[in-house]
>>> print(open('upload-v2.cif').read())   # mmCIF, C-alpha atoms (C1' of nucleotides)
data_upload
#
loop_
_atom_site.label_atom_id
_atom_site.label_comp_id
_atom_site.auth_asym_id
_atom_site.auth_seq_id
_atom_site.Cartn_x
_atom_site.Cartn_y
_atom_site.Cartn_z
CA MET X 180 0.00 0.00 0.00
CA TYR X 181 2.92 2.35 0.53
CA ILE X 182 4.27 2.17 -3.02
CA CYS X 183 2.77 5.35 -4.36
CA ALA X 184 5.06 6.42 -7.18
CA MET X 185 3.02 4.12 -9.41
CA LYS X 186 0.90 5.25 -12.33
CA LEU X 187 -2.38 3.57 -11.55
CA GLU X 188 -3.84 4.60 -14.88
CA GLU X 189 -1.84 1.98 -16.68
CA ALA X 190 -2.33 0.04 -13.56
CA ILE X 191 -2.74 -3.61 -14.29
CA LYS X 192 -1.77 -3.70 -17.97
CA GLN X 193 -4.92 -5.56 -18.81
CA THR X 194 -4.85 -6.25 -22.53
CA LYS X 195 -7.92 -8.42 -22.98
CA PRO X 196 -11.21 -6.60 -22.37
CA PHE X 197 -12.96 -7.39 -19.11
CA SER X 198 -15.81 -9.88 -19.35
CA SER X 199 -18.22 -7.28 -17.98
CA GLU X 200 -18.30 -3.76 -16.59
CA ILE X 201 -19.21 -5.18 -13.21
CA GLN X 202 -16.15 -7.44 -13.30
CA LYS X 203 -14.08 -4.39 -14.11
CA LEU X 204 -15.81 -2.37 -11.39
CA PHE X 205 -14.76 -4.82 -8.69
CA ILE X 206 -11.13 -4.40 -9.64
CA ASN X 207 -11.47 -0.67 -10.11
CA ILE X 208 -12.87 -0.24 -6.61
CA GLN X 209 -10.00 -2.20 -5.10
CA LEU X 210 -7.46 -0.28 -7.12
CA THR X 211 -8.97 3.06 -6.19
CA ALA X 212 -9.13 2.14 -2.51
CA SER X 213 -5.47 1.15 -2.64
CA HIS X 214 -4.67 4.47 -4.33
CA LEU X 215 -6.57 6.52 -1.73
CA ASN X 216 -4.93 4.64 1.10
CA CYS X 217 -1.59 5.26 -0.53
CA MET X 218 -2.18 8.99 -0.74
CA MET X 219 -3.25 9.15 2.88
CA SER X 220 -0.23 7.12 4.02
CA GLN X 221 2.11 9.52 2.26
CA ARG X 222 0.43 12.55 3.76
CA LEU X 223 0.32 11.11 7.27
CA LYS X 224 3.91 9.87 7.27
CA PRO X 225 5.38 13.27 8.31
CA PHE X 226 3.07 13.15 11.34
CA ASP X 227 4.11 9.57 12.16
CA LEU X 228 0.56 8.22 11.92
CA SER X 229 -0.81 5.29 9.96
CA PRO X 230 -4.19 5.71 8.24
CA GLN X 231 -5.70 3.42 10.87
CA GLN X 232 -4.27 5.45 13.75
CA PHE X 233 -5.57 8.64 12.11
CA ASN X 234 -9.00 7.05 11.74
CA VAL X 235 -9.15 6.12 15.43
CA LEU X 236 -7.99 9.58 16.47
CA ARG X 237 -10.79 11.19 14.44
CA ILE X 238 -13.34 8.80 15.92
CA LEU X 239 -12.24 9.84 19.41
CA LYS X 240 -12.38 13.52 18.47
CA GLY X 241 -16.04 12.97 17.61
CA LYS X 242 -16.72 12.00 21.22
CA HIS X 243 -14.38 14.43 22.99
CA PRO X 244 -14.29 15.28 25.86
CA ASP X 245 -16.13 12.04 26.57
CA SER X 246 -14.73 8.56 25.95
CA TYR X 247 -15.35 5.54 23.77
CA SER X 248 -14.70 1.93 24.74
CA ASN X 249 -12.49 -0.30 22.67
CA GLN X 250 -15.58 -1.92 21.23
CA GLU X 251 -17.26 1.34 20.27
CA ILE X 252 -14.10 2.35 18.44
CA THR X 253 -14.02 -0.94 16.52
CA GLU X 254 -17.65 -0.48 15.48
CA ARG X 255 -16.73 2.87 13.96
CA MET X 256 -13.51 1.89 12.21
CA ILE X 257 -13.41 1.51 8.45
CA ASP X 258 -11.33 -1.65 8.65
CA LYS X 259 -12.85 -3.66 11.49
CA SER X 260 -10.38 -6.49 11.30
CA SER X 261 -7.54 -4.57 12.83
CA ASN X 262 -7.05 -4.72 16.53
CA ALA X 263 -8.23 -1.57 18.30
CA THR X 264 -6.22 -2.49 21.42
CA ARG X 265 -2.95 -2.45 19.54
CA ILE X 266 -3.72 0.71 17.62
CA ALA X 267 -4.58 2.35 20.93
CA ASP X 268 -1.27 1.07 22.32
CA LYS X 269 0.56 3.04 19.65
CA LEU X 270 -1.47 6.20 20.20
CA LEU X 271 -0.92 5.86 23.94
CA GLU X 272 2.86 5.71 23.47
CA LYS X 273 2.67 9.01 21.65
CA LYS X 274 0.40 10.43 24.37
CA LEU X 275 -2.31 11.23 21.81
CA ILE X 276 -4.94 9.38 23.87
CA THR X 277 -5.55 8.24 27.45
CA ARG X 278 -6.86 4.84 28.46
CA THR X 279 -8.44 4.23 31.88
CA ALA X 280 -10.59 1.50 33.41
CA ASN X 281 -14.32 2.11 33.21
CA LYS X 282 -15.94 2.75 36.60
CA ALA X 283 -19.22 0.96 35.94
CA ASP X 284 -17.86 -2.03 34.01
CA ARG X 285 -14.39 -3.03 35.03
CA ARG X 286 -13.90 -5.12 31.90
CA ALA X 287 -14.22 -2.08 29.68
CA VAL X 288 -11.75 0.76 29.11
CA ASP X 289 -12.40 4.48 28.59
CA ILE X 290 -10.36 5.87 25.73
CA ARG X 291 -10.11 9.62 25.25
CA ILE X 292 -8.22 11.89 22.89
CA THR X 293 -5.75 14.24 24.61
CA ALA X 294 -5.10 17.93 23.93
CA LYS X 295 -1.96 16.81 22.10
CA GLY X 296 -4.09 14.48 19.97
CA LEU X 297 -6.56 17.23 19.14
CA ALA X 298 -3.73 19.60 18.23
CA LEU X 299 -2.21 16.99 15.91
CA LEU X 300 -5.55 16.45 14.15
CA ASP X 301 -5.87 20.22 13.63
CA GLU X 302 -2.40 20.38 12.18
CA ILE X 303 -3.11 17.50 9.79
CA SER X 304 -6.46 18.95 8.82
CA GLU X 305 -4.76 22.25 7.89
CA GLN X 306 -2.21 20.37 5.80
CA LEU X 307 -4.86 18.35 3.96
CA LYS X 308 -6.94 21.46 3.32
CA ARG X 309 -3.88 23.12 1.78
CA GLU X 310 -3.39 20.20 -0.63
CA GLN X 311 -6.99 19.92 -1.81
CA PHE X 312 -6.72 16.55 -3.43
CA VAL X 313 -10.11 16.37 -5.06
CA PRO X 314 -9.58 16.16 -8.83
CA ALA X 315 -10.87 18.95 -11.05
CA GLY X 316 -14.14 18.16 -12.81
CA TYR X 317 -15.36 16.23 -9.81
CA ASN X 318 -18.60 17.33 -8.27
CA GLU X 319 -20.91 16.62 -5.39
CA GLU X 320 -23.72 15.23 -7.51
CA LYS X 321 -21.48 12.60 -9.10
CA ALA X 322 -20.15 11.72 -5.66
CA ARG X 323 -23.70 11.47 -4.29
CA LEU X 324 -24.72 9.05 -7.04
CA MET X 325 -21.62 6.95 -6.54
CA ASN X 326 -22.30 6.76 -2.82
CA GLU X 327 -25.79 5.54 -3.57
CA TRP X 328 -24.54 2.91 -6.00
CA LEU X 329 -21.74 1.71 -3.76
CA ASP X 330 -24.29 1.17 -0.98
CA GLU X 331 -26.37 -0.86 -3.43
CA LEU X 332 -23.33 -2.87 -4.42
CA ARG X 333 -22.64 -3.88 -0.82
CA GLY X 334 -26.27 -4.28 0.21
CA MET C 407 -10.25 -8.09 6.04
CA TYR C 408 -11.37 -11.55 7.02
CA ILE C 409 -14.11 -10.49 9.43
CA CYS C 410 -17.06 -10.81 7.11
CA ALA C 411 -20.04 -11.45 9.37
CA MET C 412 -20.31 -7.68 9.68
CA LYS C 413 -23.22 -5.63 8.45
CA LEU C 414 -21.43 -2.99 6.45
CA GLU C 415 -24.62 -0.99 5.95
CA GLU C 416 -24.54 0.22 9.52
CA ALA C 417 -20.85 0.09 9.02
CA ILE C 418 -19.17 2.94 10.80
CA LYS C 419 -22.06 4.25 12.93
CA GLN C 420 -21.45 7.76 11.69
CA THR C 421 -23.96 9.99 13.43
CA LYS C 422 -22.87 13.42 12.23
CA PRO C 423 -23.38 14.02 8.50
CA PHE C 424 -20.25 13.93 6.37
CA SER C 425 -18.80 17.31 5.47
CA SER C 426 -19.23 16.51 1.76
CA GLU C 427 -20.28 13.72 -0.55
CA ILE C 428 -16.70 13.44 -1.76
CA GLN C 429 -15.52 12.99 1.81
CA LYS C 430 -18.10 10.26 2.20
CA LEU C 431 -17.14 8.72 -1.14
CA PHE C 432 -13.54 8.21 -0.02
CA ILE C 433 -14.69 6.22 2.98
CA ASN C 434 -17.34 4.39 0.99
CA ILE C 435 -14.79 3.22 -1.57
CA GLN C 436 -12.49 1.89 1.13
CA LEU C 437 -15.37 0.19 2.88
CA THR C 438 -16.61 -1.41 -0.32
CA ALA C 439 -13.14 -2.59 -1.28
CA SER C 440 -12.77 -4.16 2.14
CA HIS C 441 -16.17 -5.81 1.71
CA LEU C 442 -15.32 -7.22 -1.73
CA ASN C 443 -11.98 -8.50 -0.50
CA CYS C 444 -13.76 -10.10 2.42
CA MET C 445 -16.22 -11.91 0.15
CA MET C 446 -13.41 -13.16 -2.05
CA SER C 447 -11.38 -14.35 0.93
CA GLN C 448 -14.32 -16.35 2.23
CA ARG C 449 -14.97 -17.92 -1.14
CA LEU C 450 -11.31 -18.76 -1.76
CA LYS C 451 -10.68 -20.21 1.69
CA PRO C 452 -12.01 -23.69 0.77
CA PHE C 453 -9.46 -23.71 -2.07
CA ASP C 454 -6.65 -22.61 0.26
CA LEU C 455 -5.86 -19.50 -1.80
CA SER C 456 -5.54 -15.88 -0.69
CA PRO C 457 -7.03 -13.19 -2.97
CA GLN C 458 -3.48 -12.22 -3.94
CA GLN C 459 -2.54 -15.77 -4.86
CA PHE C 460 -5.74 -16.08 -6.89
CA ASN C 461 -4.93 -12.82 -8.66
CA VAL C 462 -1.44 -14.03 -9.62
CA LEU C 463 -2.80 -17.35 -10.81
CA ARG C 464 -5.29 -15.59 -13.08
CA ILE C 465 -2.56 -13.34 -14.44
CA LEU C 466 -0.50 -16.41 -15.34
CA LYS C 467 -3.50 -18.06 -16.95
CA GLY C 468 -3.71 -15.03 -19.24
CA LYS C 469 -0.25 -15.86 -20.59
CA HIS C 470 -0.45 -19.66 -20.59
CA PRO C 471 1.28 -21.69 -21.96
CA ASP C 472 3.91 -18.95 -22.06
CA SER C 473 5.53 -17.40 -18.97
CA TYR C 474 5.70 -14.09 -17.17
CA SER C 475 8.67 -12.79 -15.20
CA ASN C 476 8.34 -11.77 -11.60
CA GLN C 477 8.33 -8.16 -12.70
CA GLU C 478 5.63 -8.62 -15.32
CA ILE C 479 3.44 -10.24 -12.69
CA THR C 480 3.96 -7.34 -10.30
CA GLU C 481 2.99 -4.87 -13.01
CA ARG C 482 -0.30 -6.68 -13.44
CA MET C 483 -1.18 -7.17 -9.79
CA ILE C 484 -3.90 -5.10 -8.19
CA ASP C 485 -1.90 -4.54 -5.05
CA LYS C 486 1.64 -3.83 -6.22
CA SER C 487 3.11 -3.53 -2.78
CA SER C 488 3.06 -7.21 -2.06
CA ASN C 489 6.04 -9.28 -2.95
CA ALA C 490 5.52 -11.39 -6.07
CA THR C 491 8.46 -13.62 -5.16
CA ARG C 492 6.85 -14.71 -1.93
CA ILE C 493 3.41 -15.19 -3.42
CA ALA C 494 5.03 -17.33 -6.11
CA ASP C 495 6.79 -19.29 -3.34
CA LYS C 496 3.41 -20.25 -1.94
CA LEU C 497 1.97 -21.19 -5.31
CA LEU C 498 5.08 -23.22 -6.03
CA GLU C 499 4.69 -25.20 -2.80
CA LYS C 500 1.21 -26.16 -3.96
CA LYS C 501 2.56 -26.99 -7.43
CA LEU C 502 0.15 -24.54 -9.06
CA ILE C 503 3.02 -22.84 -10.93
CA THR C 504 6.53 -23.59 -12.12
CA ARG C 505 9.50 -21.24 -11.82
CA THR C 506 12.60 -21.65 -13.97
CA ALA C 507 15.57 -19.46 -14.84
CA ASN C 508 15.19 -17.44 -18.00
CA LYS C 509 17.52 -18.52 -20.83
CA ALA C 510 18.24 -15.06 -22.24
CA ASP C 511 18.53 -13.14 -18.97
CA ARG C 512 19.82 -15.23 -16.13
CA ARG C 513 18.64 -12.69 -13.54
CA ALA C 514 15.02 -13.18 -14.55
CA VAL C 515 12.71 -16.12 -13.84
CA ASP C 516 10.02 -17.68 -16.03
CA ILE C 517 6.84 -18.33 -14.11
CA ARG C 518 4.14 -20.53 -15.62
CA ILE C 519 0.82 -21.87 -14.43
CA THR C 520 0.63 -25.68 -14.28
CA ALA C 521 -2.21 -27.96 -15.37
CA LYS C 522 -3.08 -28.28 -11.70
CA GLY C 523 -3.23 -24.49 -11.43
CA LEU C 524 -5.50 -24.22 -14.47
CA ALA C 525 -7.76 -26.93 -13.10
CA LEU C 526 -8.03 -25.12 -9.77
CA LEU C 527 -8.96 -21.86 -11.51
CA ASP C 528 -11.67 -23.67 -13.45
CA GLU C 529 -13.05 -25.18 -10.30
CA ILE C 530 -13.13 -21.78 -8.55
CA SER C 531 -14.66 -20.12 -11.57
CA GLU C 532 -17.47 -22.69 -11.57
CA GLN C 533 -18.07 -22.07 -7.88
CA LEU C 534 -18.17 -18.27 -8.30
CA LYS C 535 -20.51 -18.57 -11.26
CA ARG C 536 -22.86 -20.68 -9.15
CA GLU C 537 -22.96 -17.99 -6.46
CA GLN C 538 -23.59 -15.03 -8.75
CA PHE C 539 -22.83 -12.30 -6.26
CA VAL C 540 -23.87 -9.31 -8.30
CA PRO C 541 -26.74 -7.60 -6.46
CA ALA C 542 -30.17 -7.36 -8.07
CA GLY C 543 -30.94 -4.03 -9.68
CA TYR C 544 -27.34 -3.65 -10.74
CA ASN C 545 -26.67 -3.11 -14.39
CA GLU C 546 -23.86 -2.70 -16.86
CA GLU C 547 -24.56 0.95 -17.61
CA LYS C 548 -24.29 1.96 -13.95
CA ALA C 549 -21.09 -0.06 -13.69
CA ARG C 550 -19.72 1.58 -16.84
CA LEU C 551 -20.37 5.06 -15.45
CA MET C 552 -18.78 4.19 -12.12
CA ASN C 553 -15.71 2.84 -13.88
CA GLU C 554 -15.42 6.10 -15.77
CA TRP C 555 -15.78 8.16 -12.60
CA LEU C 556 -13.39 6.04 -10.57
CA ASP C 557 -10.77 6.55 -13.28
CA GLU C 558 -11.37 10.29 -13.04
CA LEU C 559 -11.04 10.15 -9.27
CA ARG C 560 -7.62 8.55 -9.48
CA GLY C 561 -6.41 10.52 -12.46
"C1'" DA E 95 38.16 -5.02 -21.87
"C1'" DC E 96 37.33 -2.91 -17.42
"C1'" DT E 97 34.57 -0.16 -14.51
"C1'" DA E 98 30.32 1.92 -13.23
"C1'" DA E 99 25.51 2.05 -13.40
"C1'" DA E 100 21.24 -0.23 -13.89
"C1'" DT E 101 18.14 -4.11 -13.46
"C1'" DA E 102 15.79 -8.65 -11.66
"C1'" DA E 103 14.99 -11.23 -8.02
"C1'" DA E 104 15.59 -12.75 -3.37
"C1'" DT E 105 16.10 -11.84 1.39
"C1'" DG E 106 15.76 -9.27 5.84
"C1'" DT E 107 12.99 -6.88 9.08
"C1'" DA E 108 9.71 -4.12 11.53
"C1'" DT E 109 5.04 -3.56 11.65
"C1'" DA E 110 0.18 -4.87 10.56
"C1'" DT E 111 -3.45 -8.20 9.71
"C1'" DA E 112 -6.58 -12.11 10.70
"C1'" DC E 113 -7.70 -14.62 13.33
"C1'" DA E 114 -7.75 -18.03 17.88
"C1'" DA E 115 -7.19 -18.37 22.60
"C1'" DA E 116 -6.84 -16.56 27.16
"C1'" DT E 117 -8.22 -13.64 30.89
"C1'" DA E 118 -11.30 -11.30 33.59
"C1'" DA E 119 -15.60 -9.37 34.88
"C1'" DA E 120 -20.63 -9.13 34.51
"C1'" DA E 121 -25.15 -11.10 33.55
"C1'" DT E 122 -28.12 -14.95 33.71
"C1'" DA E 123 -29.77 -19.50 35.14
"C1'" DC E 124 -31.03 -22.55 38.47
"C1'" DG M 436 -25.65 -17.90 46.08
"C1'" DT M 437 -23.02 -20.75 43.08
"C1'" DA M 438 -22.46 -22.33 38.32
"C1'" DT M 439 -22.86 -21.19 33.57
"C1'" DT M 440 -22.90 -18.19 29.89
"C1'" DT M 441 -21.89 -14.00 27.85
"C1'" DT M 442 -19.20 -9.91 27.11
"C1'" DA M 443 -14.85 -6.71 26.92
"C1'" DT M 444 -10.40 -6.72 26.30
"C1'" DT M 445 -5.81 -8.50 25.88
"C1'" DT M 446 -2.43 -11.63 24.23
"C1'" DG M 447 -0.46 -15.11 21.03
"C1'" DT M 448 0.75 -16.49 16.51
"C1'" DA M 449 1.11 -17.39 11.68
"C1'" DT M 450 1.03 -14.91 7.71
"C1'" DA M 451 1.14 -10.57 4.93
"C1'" DT M 452 2.66 -5.88 4.04
"C1'" DA M 453 5.97 -2.11 3.16
"C1'" DC M 454 9.64 -1.23 2.49
"C1'" DA M 455 15.33 -1.47 2.51
"C1'" DT M 456 19.16 -4.16 1.48
"C1'" DT M 457 21.69 -7.70 -0.84
"C1'" DT M 458 23.10 -10.62 -4.58
"C1'" DA M 459 23.66 -11.72 -9.21
"C1'" DT M 460 23.68 -10.33 -13.81
"C1'" DT M 461 23.45 -7.28 -17.65
"C1'" DT M 462 24.10 -2.88 -19.95
"C1'" DA M 463 26.52 1.39 -20.78
"C1'" DG M 464 30.54 4.35 -20.52
"C1'" DT M 465 35.30 5.16 -21.58
#
>>> encode(input="upload-v2.cif", output="structure tokens")
Amino acid sequence: MYICAMKLEEAIKQTKPFSSEIQKLFINIQLTASHLNCMMSQRLKPFDLSPQQFNVLRILKGKHPDSYSNQEITERMIDKSSNATRIADKLLEKKLITRTANKADRRAVDIRITAKGLALLDEISEQLKREQFVPAGYNEEKARLMNEWLDELRG
Amino acid sequence: MYICAMKLEEAIKQTKPFSSEIQKLFINIQLTASHLNCMMSQRLKPFDLSPQQFNVLRILKGKHPDSYSNQEITERMIDKSSNATRIADKLLEKKLITRTANKADRRAVDIRITAKGLALLDEISEQLKREQFVPAGYNEEKARLMNEWLDELRG
DNA sequence: ACTAAATAAATGTATATACAAATAAAATAC
DNA sequence: GTATTTTATTTGTATATACATTTATTTAGT
């Protein structure tokens, strides 16, 4: 995912035509996801965050100053298969979050974003705004339709 | 990626509206890619293949009975970051491919799919056909438009 | 031809993923 | 109230990813 210098346009050198547009769409979605992830990785690297760590930090910002449990974070992550505990471990090392035992349920943990975490998100947000990586010619209506169709595709 | 029992519709429990449809689209594409990969993983598991291994096998089928080099395989893979050598190692263990030194360039290797590999692909293809996992209401024209727009998005 | 630069593949390594299993606490059953 | 089941999180582990480095070979420069 971190090899980004690649021209994805000539991406998979497919010579034969695809058997159907839907066949092609499956591959296109995977390719585009890989491309987006790649772009995010590059942009987050100077801040020493992985896309997953960034995702968790934003989730916690949405609840600040209150906390989420490990489980609530997992429910909100884009990639649910990764281990919220271990991502939190990394964020904890960098003091971007705090993790304390829950008072009511001693099995659960309360995870909160710190002031340092919030400041980092602001900094990154400024950086991303400056780059503006939405391609020209793209518009909200197209995006809205695609969102609708992607939901159908999964449904 | 292998946690598939998940309802992706209520996927990330986003309560606040997204700041834009394009913002939402980025996440939707990643989510859908993860979903597709998940479905493929499940379906390939009985055949003891990962999606990447399956991808490489299909690439080699496209060239059969001729060979591709390691490099040519990488160029055609959806996820270029993974190591073609090590994927080939796995396929070799299962005798689904052969790997021999190239006559003209002794640095390069010739990788070919075996009869066993071709038979496995046929078997999988039959299985996938039987399942038919394209959602109702989906059509080629929608897929064609999305392909066009995804290409724009990456471009 | 001899050296330097480029290329193809393999290998090393730290981290991440995809689970399974373990641990611990809470809820439920009886 | 004790035993059983469920739930929340952590830990273990095999494999995969994202590179960097190494090795072997070929090509280009002089």
>>> resolve_selection(input="upload-v2.cif", expression="the PyMOL selection byres ((chain C) within 12 of (chain E))", output="number ranges by chain")
C: 407-410, 444, 447, 475-478, 480, 489-492, 494-495, 507-508, 511-516
>>> write_last_selection(input="upload-v2.cif", atoms="C-alpha atoms", output="mmCIF file, in the coordinates of the input")
data_model
loop_
_atom_site.group_PDB
_atom_site.id
_atom_site.type_symbol
_atom_site.label_atom_id
_atom_site.label_comp_id
_atom_site.auth_asym_id
_atom_site.auth_seq_id
_atom_site.Cartn_x
_atom_site.Cartn_y
_atom_site.Cartn_z
ATOM 1 C CA MET C 407 -10.250 -8.090 6.040
ATOM 2 C CA TYR C 408 -11.370 -11.550 7.020
ATOM 3 C CA ILE C 409 -14.110 -10.490 9.430
ATOM 4 C CA CYS C 410 -17.060 -10.810 7.110
ATOM 5 C CA CYS C 444 -13.760 -10.100 2.420
ATOM 6 C CA SER C 447 -11.380 -14.350 0.930
ATOM 7 C CA SER C 475 8.670 -12.790 -15.200
ATOM 8 C CA ASN C 476 8.340 -11.770 -11.600
ATOM 9 C CA GLN C 477 8.330 -8.160 -12.700
ATOM 10 C CA GLU C 478 5.630 -8.620 -15.320
ATOM 11 C CA THR C 480 3.960 -7.340 -10.300
ATOM 12 C CA ASN C 489 6.040 -9.280 -2.950
ATOM 13 C CA ALA C 490 5.520 -11.390 -6.070
ATOM 14 C CA THR C 491 8.460 -13.620 -5.160
ATOM 15 C CA ARG C 492 6.850 -14.710 -1.930
ATOM 16 C CA ALA C 494 5.030 -17.330 -6.110
ATOM 17 C CA ASP C 495 6.790 -19.290 -3.340
ATOM 18 C CA ALA C 507 15.570 -19.460 -14.840
ATOM 19 C CA ASN C 508 15.190 -17.440 -18.000
ATOM 20 C CA ASP C 511 18.530 -13.140 -18.970
ATOM 21 C CA ARG C 512 19.820 -15.230 -16.130
ATOM 22 C CA ARG C 513 18.640 -12.690 -13.540
ATOM 23 C CA ALA C 514 15.020 -13.180 -14.550
ATOM 24 C CA VAL C 515 12.710 -16.120 -13.840
ATOM 25 C CA ASP C 516 10.020 -17.680 -16.030
#
>>> closest_atom_pairs(input="upload-v2.cif", of="chain M", to="chain X", cutoff="12 Å", atoms="only C-alpha atoms (C1' of nucleotides)", output="CSV")
residue,atom,partner,partner_atom,distance
M:DT442,C1',X:Arg286,CA,8.6
M:DA443,C1',X:Arg286,CA,5.3
M:DT444,C1',X:Arg286,CA,6.8
M:DT445,C1',X:Thr264,CA,7.5
M:DT446,C1',X:Thr264,CA,10.3
M:DA451,C1',X:Met180,CA,11.7
M:DT452,C1',X:Met180,CA,7.6
M:DA453,C1',X:Tyr181,CA,6.0
M:DC454,C1',X:Tyr181,CA,7.9
>>> interface_residues(input="upload-v2.cif", of="chain X", to="chain C", cutoff="7 Å", atoms="all atoms listed in the file", output="ChimeraX atom specification")
/X:180-182,188,191-192,200-201,204,207-212,254-257,260,314,319,322-323,325-326,329,332-334
>>> residues_around(input="upload-v2.cif", residues="stretch 528-536 of chain C", least_positions_apart="5", cutoff="9 Å", atoms="all atoms listed in the file", output="list of chain:residue names")
C:Arg449, C:Leu450, C:Phe453, C:Gly523
>>> write_last_selection(input="upload-v2.cif", atoms="C-alpha atoms", output="PDB file, in the frame of the given file")
ATOM      1  CA  ARG C 449     -14.970 -17.920  -1.140  1.00  0.00           C
ATOM      2  CA  LEU C 450     -11.310 -18.760  -1.760  1.00  0.00           C
ATOM      3  CA  PHE C 453      -9.460 -23.710  -2.070  1.00  0.00           C
ATOM      4  CA  GLY C 523      -3.230 -24.490 -11.430  1.00  0.00           C
TER       5      GLY C 523
END
>>> atom_distance(input="upload-v2.cif", atom1="atom CA of X:Ile276", atom2="atom CA of X:Pro230")
16.1 Å
>>> atom_distance(input="upload-v2.cif", atom1="atom CA of C:Phe424", atom2="atom CA of X:Arg237")
12.7 Å
>>> decode(input="upload-v2.cif", residues="stretch 253-304 of chain X", atoms="C-alpha atoms", output="PDB file, in the first residue's frame")
ATOM      1  CA  THR X 253     -14.018  -0.940  16.524  1.00  0.00           C
ATOM      2  CA  GLU X 254     -17.649  -0.485  15.480  1.00  0.00           C
ATOM      3  CA  ARG X 255     -16.728   2.869  13.964  1.00  0.00           C
ATOM      4  CA  MET X 256     -13.507   1.888  12.213  1.00  0.00           C
ATOM      5  CA  ILE X 257     -13.407   1.515   8.455  1.00  0.00           C
ATOM      6  CA  ASP X 258     -11.332  -1.646   8.652  1.00  0.00           C
ATOM      7  CA  LYS X 259     -12.849  -3.656  11.488  1.00  0.00           C
ATOM      8  CA  SER X 260     -10.378  -6.494  11.303  1.00  0.00           C
ATOM      9  CA  SER X 261      -7.535  -4.569  12.832  1.00  0.00           C
ATOM     10  CA  ASN X 262      -7.048  -4.720  16.530  1.00  0.00           C
ATOM     11  CA  ALA X 263      -8.227  -1.574  18.305  1.00  0.00           C
ATOM     12  CA  THR X 264      -6.221  -2.486  21.417  1.00  0.00           C
ATOM     13  CA  ARG X 265      -2.950  -2.454  19.541  1.00  0.00           C
ATOM     14  CA  ILE X 266      -3.716   0.714  17.615  1.00  0.00           C
ATOM     15  CA  ALA X 267      -4.582   2.353  20.928  1.00  0.00           C
ATOM     16  CA  ASP X 268      -1.266   1.068  22.319  1.00  0.00           C
ATOM     17  CA  LYS X 269       0.558   3.036  19.645  1.00  0.00           C
ATOM     18  CA  LEU X 270      -1.472   6.198  20.202  1.00  0.00           C
ATOM     19  CA  LEU X 271      -0.920   5.862  23.941  1.00  0.00           C
ATOM     20  CA  GLU X 272       2.862   5.709  23.475  1.00  0.00           C
ATOM     21  CA  LYS X 273       2.668   9.014  21.651  1.00  0.00           C
ATOM     22  CA  LYS X 274       0.396  10.426  24.366  1.00  0.00           C
ATOM     23  CA  LEU X 275      -2.310  11.232  21.810  1.00  0.00           C
ATOM     24  CA  ILE X 276      -4.938   9.377  23.866  1.00  0.00           C
ATOM     25  CA  THR X 277      -5.554   8.245  27.449  1.00  0.00           C
ATOM     26  CA  ARG X 278      -6.862   4.839  28.464  1.00  0.00           C
ATOM     27  CA  THR X 279      -8.441   4.230  31.885  1.00  0.00           C
ATOM     28  CA  ALA X 280     -10.585   1.496  33.406  1.00  0.00           C
ATOM     29  CA  ASN X 281     -14.324   2.107  33.208  1.00  0.00           C
ATOM     30  CA  LYS X 282     -15.940   2.751  36.596  1.00  0.00           C
ATOM     31  CA  ALA X 283     -19.220   0.957  35.939  1.00  0.00           C
ATOM     32  CA  ASP X 284     -17.856  -2.029  34.012  1.00  0.00           C
ATOM     33  CA  ARG X 285     -14.395  -3.033  35.034  1.00  0.00           C
ATOM     34  CA  ARG X 286     -13.903  -5.125  31.905  1.00  0.00           C
ATOM     35  CA  ALA X 287     -14.216  -2.075  29.677  1.00  0.00           C
ATOM     36  CA  VAL X 288     -11.746   0.759  29.113  1.00  0.00           C
ATOM     37  CA  ASP X 289     -12.396   4.476  28.589  1.00  0.00           C
ATOM     38  CA  ILE X 290     -10.356   5.868  25.727  1.00  0.00           C
ATOM     39  CA  ARG X 291     -10.110   9.625  25.252  1.00  0.00           C
ATOM     40  CA  ILE X 292      -8.219  11.888  22.886  1.00  0.00           C
ATOM     41  CA  THR X 293      -5.752  14.239  24.608  1.00  0.00           C
ATOM     42  CA  ALA X 294      -5.100  17.930  23.929  1.00  0.00           C
ATOM     43  CA  LYS X 295      -1.964  16.809  22.098  1.00  0.00           C
ATOM     44  CA  GLY X 296      -4.094  14.482  19.971  1.00  0.00           C
ATOM     45  CA  LEU X 297      -6.555  17.233  19.137  1.00  0.00           C
ATOM     46  CA  ALA X 298      -3.732  19.601  18.227  1.00  0.00           C
ATOM     47  CA  LEU X 299      -2.215  16.985  15.906  1.00  0.00           C
ATOM     48  CA  LEU X 300      -5.551  16.450  14.147  1.00  0.00           C
ATOM     49  CA  ASP X 301      -5.872  20.216  13.634  1.00  0.00           C
ATOM     50  CA  GLU X 302      -2.398  20.381  12.180  1.00  0.00           C
ATOM     51  CA  ILE X 303      -3.109  17.496   9.792  1.00  0.00           C
ATOM     52  CA  SER X 304      -6.458  18.952   8.817  1.00  0.00           C
TER      53      SER X 304
END
